[in-house]
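Q: Next comes structure_2.txt, compact mmCIF, C-alpha atoms:
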# COMPACT_ATOMS: atom_id res chain seq x y z
CA ASN A 1 86.00 121.58 110.42
CA ALA A 2 83.07 119.18 109.91
CA GLY A 3 84.83 116.79 107.49
CA VAL A 4 82.27 114.93 105.36
CA THR A 5 78.61 115.57 106.06
CA GLN A 6 75.59 113.72 104.68
CA THR A 7 71.86 114.44 104.69
CA PRO A 8 69.47 112.98 105.54
CA LYS A 9 70.56 110.51 108.24
CA PHE A 10 67.48 108.32 107.74
CA GLN A 11 64.91 107.99 104.96
CA VAL A 12 62.00 105.68 104.20
CA LEU A 13 60.72 105.57 100.61
CA LYS A 14 57.99 103.69 98.85
CA THR A 15 58.87 101.73 95.72
CA GLY A 16 59.00 104.06 92.74
CA GLN A 17 59.64 107.26 94.69
CA SER A 18 62.71 109.35 93.99
CA MET A 19 65.12 111.11 96.28
CA THR A 20 68.53 112.75 96.39
CA LEU A 21 71.19 112.07 99.00
CA GLN A 22 73.40 115.05 99.70
CA CYS A 23 77.10 115.02 100.57
CA ALA A 24 79.49 117.86 101.27
CA GLN A 25 83.12 118.06 102.38
CA ASP A 26 85.07 121.00 103.73
CA MET A 27 88.60 119.58 103.37
CA ASN A 28 89.22 120.99 99.87
CA HIS A 29 89.43 117.46 98.51
CA ASN A 30 89.37 116.88 94.77
CA SER A 31 87.87 113.38 94.73
CA MET A 32 84.55 112.17 96.09
CA TYR A 33 82.82 108.78 96.22
CA TRP A 34 79.49 107.11 96.94
CA TYR A 35 79.35 103.63 98.47
CA ARG A 36 76.60 101.36 99.68
CA GLN A 37 77.00 98.97 102.59
CA ASP A 38 75.01 95.77 102.83
CA PRO A 39 75.35 93.08 105.53
CA GLY A 40 78.22 90.69 104.90
CA MET A 41 79.36 92.48 101.75
CA GLY A 42 81.60 95.29 102.94
CA LEU A 43 81.27 98.56 101.02
CA ARG A 44 80.74 98.68 97.27
CA LEU A 45 81.47 101.70 95.09
CA ILE A 46 78.48 103.16 93.26
CA TYR A 47 79.96 106.23 91.56
CA TYR A 48 82.96 108.45 92.04
CA SER A 49 84.18 111.85 90.93
CA ALA A 50 87.92 112.15 90.48
CA SER A 51 87.69 115.93 90.19
CA GLU A 52 85.13 118.67 89.80
CA GLY A 53 83.25 118.22 86.56
CA THR A 54 83.91 114.49 86.15
CA THR A 55 81.99 111.42 87.29
CA ASP A 56 82.48 107.72 86.62
CA LYS A 57 80.69 104.48 87.37
CA GLY A 58 81.83 102.19 90.11
CA GLU A 59 80.98 98.59 90.81
CA VAL A 60 77.18 98.91 91.27
CA PRO A 61 75.89 102.01 89.39
CA ASN A 62 72.56 100.69 88.11
CA GLY A 63 69.56 102.61 89.42
CA TYR A 64 71.61 105.63 90.51
CA ASN A 65 72.77 108.94 89.12
CA VAL A 66 75.22 111.47 90.54
CA SER A 67 76.02 115.14 90.23
CA ARG A 68 79.26 116.82 91.23
CA LEU A 69 77.71 120.20 91.90
CA ASN A 70 80.98 121.93 92.77
CA LYS A 71 84.21 120.97 94.48
CA ARG A 72 82.48 120.58 97.85
CA GLU A 73 79.28 118.76 96.96
CA PHE A 74 78.49 115.38 95.40
CA SER A 75 74.89 114.16 95.33
CA LEU A 76 73.42 110.72 94.66
CA ARG A 77 69.95 110.39 93.11
CA LEU A 78 67.61 107.44 93.08
CA GLU A 79 65.12 108.09 90.27
CA SER A 80 62.76 105.20 91.01
CA ALA A 81 63.58 103.49 94.28
CA ALA A 82 63.43 99.69 94.56
CA PRO A 83 63.52 97.47 97.66
CA SER A 84 66.95 96.21 96.52
CA GLN A 85 68.26 99.71 97.17
CA THR A 86 67.57 99.40 100.89
CA SER A 87 71.04 99.95 102.30
CA VAL A 88 73.32 102.29 104.19
CA TYR A 89 74.92 104.85 101.89
CA PHE A 90 78.29 106.43 102.62
CA CYS A 91 79.93 109.38 100.96
CA ALA A 92 83.70 109.73 101.09
CA SER A 93 86.36 112.12 99.86
CA SER A 94 90.10 112.08 99.29
CA LEU A 95 92.67 114.70 98.42
CA GLN A 96 93.37 113.08 95.06
CA THR A 97 92.80 109.84 93.30
CA GLY A 98 95.81 107.58 93.38
CA GLY A 99 96.43 104.61 95.63
CA SER A 100 98.12 106.20 98.59
CA TYR A 101 95.43 108.72 99.40
CA GLU A 102 93.12 107.63 102.17
CA GLN A 103 89.42 108.32 101.99
CA TYR A 104 87.44 110.11 104.69
CA PHE A 105 83.88 108.95 105.26
CA GLY A 106 80.67 110.64 106.27
CA PRO A 107 78.31 109.24 108.93
CA GLY A 108 76.01 107.52 106.43
CA THR A 109 72.37 107.61 105.33
CA ARG A 110 70.14 104.67 106.24
CA LEU A 111 67.63 104.17 103.45
CA THR A 112 64.68 101.79 103.57
CA VAL A 113 62.55 101.19 100.48
CA THR A 114 59.21 99.47 101.12
CA ALA B 1 92.41 92.62 89.86
CA GLN B 2 92.86 93.50 93.49
CA SER B 3 90.94 91.75 96.23
CA VAL B 4 91.05 91.27 99.98
CA THR B 5 89.97 88.36 102.13
CA GLN B 6 89.27 88.78 105.81
CA LEU B 7 89.71 85.33 107.25
CA ASP B 8 87.39 85.71 110.24
CA SER B 9 83.91 87.21 110.18
CA HIS B 10 83.76 87.30 114.01
CA VAL B 11 86.50 87.45 116.65
CA SER B 12 85.89 87.48 120.38
CA VAL B 13 88.59 88.35 122.94
CA SER B 14 88.70 89.19 126.60
CA GLU B 15 89.58 92.69 127.73
CA GLY B 16 93.34 92.98 128.22
CA THR B 17 94.23 90.13 125.85
CA PRO B 18 95.83 90.52 122.40
CA VAL B 19 93.84 91.14 119.26
CA LEU B 20 94.63 89.58 115.86
CA LEU B 21 92.46 90.31 112.84
CA ARG B 22 93.63 88.54 109.71
CA CYS B 23 93.66 89.88 106.16
CA ASN B 24 95.09 88.49 102.94
CA TYR B 25 95.23 90.50 99.77
CA SER B 26 95.66 89.89 96.08
CA SER B 27 97.32 92.50 93.94
CA SER B 28 99.27 92.51 90.72
CA TYR B 29 101.64 95.20 91.97
CA SER B 30 102.73 96.81 95.22
CA PRO B 31 99.45 97.77 96.81
CA SER B 32 98.29 100.46 99.19
CA LEU B 33 96.50 98.81 102.10
CA PHE B 34 94.30 100.24 104.81
CA TRP B 35 92.45 99.20 107.93
CA TYR B 36 89.25 101.05 108.75
CA VAL B 37 87.08 100.71 111.86
CA GLN B 38 83.34 101.20 112.07
CA HIS B 39 81.64 101.57 115.43
CA PRO B 40 77.90 100.77 115.58
CA ASN B 41 75.79 103.19 113.55
CA LYS B 42 78.83 105.30 112.71
CA GLY B 43 80.89 106.06 109.63
CA LEU B 44 84.28 104.53 108.89
CA GLN B 45 87.44 105.83 110.51
CA LEU B 46 90.95 105.22 109.20
CA LEU B 47 93.07 103.19 111.63
CA LEU B 48 96.26 102.95 109.59
CA LYS B 49 97.63 102.69 106.07
CA TYR B 50 100.53 101.05 104.27
CA THR B 51 101.95 102.71 101.17
CA SER B 52 105.27 100.91 100.51
CA ALA B 53 107.30 102.62 103.21
CA ALA B 54 107.97 100.75 106.48
CA THR B 55 106.38 97.29 106.55
CA LEU B 56 105.29 97.68 110.18
CA VAL B 57 102.67 100.37 110.33
CA LYS B 58 101.45 101.97 113.53
CA GLY B 59 97.97 103.41 113.73
CA ILE B 60 95.66 105.06 116.18
CA ASN B 61 94.49 103.59 119.49
CA GLY B 62 97.46 101.22 119.79
CA PHE B 63 96.76 99.22 116.64
CA GLU B 64 99.47 98.18 114.21
CA ALA B 65 99.71 96.03 111.10
CA GLU B 66 102.56 94.32 109.31
CA PHE B 67 102.78 94.07 105.55
CA LYS B 68 104.21 90.70 104.51
CA LYS B 69 104.65 90.48 100.78
CA SER B 70 105.77 86.83 100.81
CA GLU B 71 102.54 85.85 102.59
CA THR B 72 100.34 88.50 100.92
CA SER B 73 99.06 89.37 104.36
CA PHE B 74 98.30 92.57 106.28
CA HIS B 75 97.12 91.41 109.70
CA LEU B 76 95.94 93.90 112.31
CA THR B 77 97.12 93.51 115.91
CA LYS B 78 96.83 95.19 119.27
CA PRO B 79 98.64 94.01 122.40
CA SER B 80 95.78 94.56 124.83
CA ALA B 81 92.10 94.87 123.91
CA HIS B 82 89.88 97.52 125.44
CA MET B 83 86.11 97.47 125.65
CA SER B 84 86.00 100.48 123.34
CA ASP B 85 87.67 98.41 120.59
CA ALA B 86 84.45 96.47 120.01
CA ALA B 87 83.52 97.37 116.42
CA GLU B 88 83.68 96.12 112.86
CA TYR B 89 87.05 96.26 111.11
CA PHE B 90 87.59 96.41 107.37
CA CYS B 91 90.75 95.56 105.47
CA VAL B 92 90.94 97.57 102.27
CA VAL B 93 93.18 97.58 99.21
CA SER B 94 93.39 100.48 96.82
CA GLU B 95 93.00 99.80 93.14
CA GLY B 96 95.50 102.58 92.62
CA GLY B 97 96.03 104.29 89.32
CA ALA B 98 93.88 107.26 88.39
CA THR B 99 90.75 106.18 90.21
CA ASN B 100 91.74 105.34 93.80
CA LYS B 101 88.89 102.88 94.02
CA LEU B 102 88.92 101.05 97.33
CA ILE B 103 88.21 97.33 97.44
CA PHE B 104 86.76 96.36 100.81
CA GLY B 105 86.92 93.08 102.65
CA THR B 106 83.69 91.78 104.11
CA GLY B 107 84.61 92.89 107.62
CA THR B 108 85.50 91.30 110.95
CA LEU B 109 83.27 91.96 113.92
CA LEU B 110 85.36 92.24 117.07
CA ALA B 111 83.67 91.53 120.40
CA VAL B 112 85.49 92.33 123.64
CA GLN B 113 84.34 90.48 126.73
CA PRO B 114 84.82 91.98 130.21
The structure in this file should be written as structure tokens.
A:
Amino acid sequence: NAGVTQTPKFQVLKTGQSMTLQCAQDMNHNSMYWYRQDPGMGLRLIYYSASEGTTDKGEVPNGYNVSRLNKREFSLRLESAAPSQTSVYFCASSLQTGGSYEQYFGPGTRLTVT
Amino acid sequence: AQSVTQLDSHVSVSEGTPVLLRCNYSSSYSPSLFWYVQHPNKGLQLLLKYTSAATLVKGINGFEAEFKKSETSFHLTKPSAHMSDAAEYFCVVSEGGATNKLIFGTGTLLAVQP
């Protein structure tokens, strides 16, 4: 039982390049989330997927797109990377949406855009 | 709208002494509250959660937190710090409803001195 896995662990991009961050969970969770973590700002929600086939914007969606490929997988795409997107990206999942359900986090992807 | 304020960005204690990490929240209804821990270069791990059951919540590794509605606080405590407790701690409130968006505090970095 691996929980939430993310690939890659590290990535360096040049401004304007594109890439996709992959996330998968093996806990049969319905809901999945993408966050970014910047120093002194905690984690901020980029996009989430309450269930397979649905996605919604979070607090900071600009410059990103997502795909809920199936129940297990939720990917985050940067179409044209910018230095402001240098951050650590975390994927998370929970059994359901609803306030009492805790979220389980992956190990993160450290992205640097030069 | 929900929000959380972590009152200390850094806390330093000696090994074997008590730990107190302070968190105040703002919520228009009875919230779900969480404490997560993040060790260096790792993902986030759930320490404990409050979801309107007992106001004193026990978590992993000897941590506990008390929900005080009158003070809108959810402080994290541990009777005796261990070196392995050195990490960053996040107080989190759930937005609840259909989305389960988590609102993160800015984090408290706990240092444990030998």
Q: Give me, as an MDAnalysis selection string, all polymer residues having an atom no more than 9 Å from Ile60 (chain B), counting all atoms listed in the file and skipping those fewer than 6 positions away in the same chain.
A: chainID B and resid 46:48
Q: Choose the residue, out of B:Lys69, B:His82, B:Arg22, B:His39, that has the smallest atom-to-atom separation from chain A; count all atoms listed in the file.
A: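 Checking each candidate against chain A, we get B:His39 as the closest.
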Q: Select, as a PyMOL selection string, those residues of chain B with any atom no more than 9 Å from chain A (distances computed using all atoms listed in the file).
A: chain B and resi 9+31-34+41-46+49-51+90+93-107
Q: With all atoms listed in the file as the basis for distance, which of B:Tyr25, B:Lys58, B:Thr72, B:His10 is at the shortest distance from Glu88 (chain B)?
A: B:His10
Q: Determine, counting only C-alpha atoms, which protein, DNA and RNA residues have an atom within 9 Å of an atom of Lys78 (chain B); residues of the same chain fewer than 3 positions away are not included. Present the result as a PyMOL selection string.
A: chain B and resi 17-20+61-65+81
Q: Using Å and a single decimal, report how far CA of Val11 (chain B) sits from CA of Pro40 (chain B).
A: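 These two atoms are separated by 15.9 Å.
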Q: Can you work out which one of B:Cys23, B:Tyr36, B:Val92, B:Val13 has the shortest atom-to-atom distance to Leu110 (chain B), counting only C-alpha atoms?
A: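 Distance minimum relative to Leu110 (chain B) lands on B:Val13.
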Q: Compile the contact shell of Leu21 (chain B) as JSON, numbers by chain: residues with an atom at most 7 Å away, counting all atoms listed in the file, same-chain residues fewer than 5 positions apart removed.
A: {"B": [75, 76, 77]}
Q: Neighbours of Ser18 (chain A) within 10 Å (all atoms listed in the file; same-chain residues fewer than 5 positions away dropped), as a list in words?
A: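 Returned residues: Leu13, Arg77, Leu78, Glu79, Ser80, Ala81 and Ala82 of chain A.
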Q: To one decimal place in Å, what is the distance between CA of Gln11 (chain A) and CA of Thr114 (chain A)?
A: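 These atoms are spaced 10.9 Å apart.
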Q: Pick from A:Gln6, A:Gln85, A:Asn30, A:Ser75: nearest to Gly63 (chain A), with all atoms listed in the file counted?
A: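 That would be A:Gln85, the residue with the smallest distance to Gly63 (chain A).
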Q: Need the neighbours of (79.1, 118.6, 107.0): which residues are at most 7 Å away, counting all atoms listed in the file, as number ranges by chain?
A: A: 2-6, 24-25
Q: If I take CA of His29 (chain A) and CA of Thr54 (chain A), how far is one from the other in Å, to one decimal?
A: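 About the pair CA of His29 (chain A) and CA of Thr54 (chain A): they are 13.9 Å apart.
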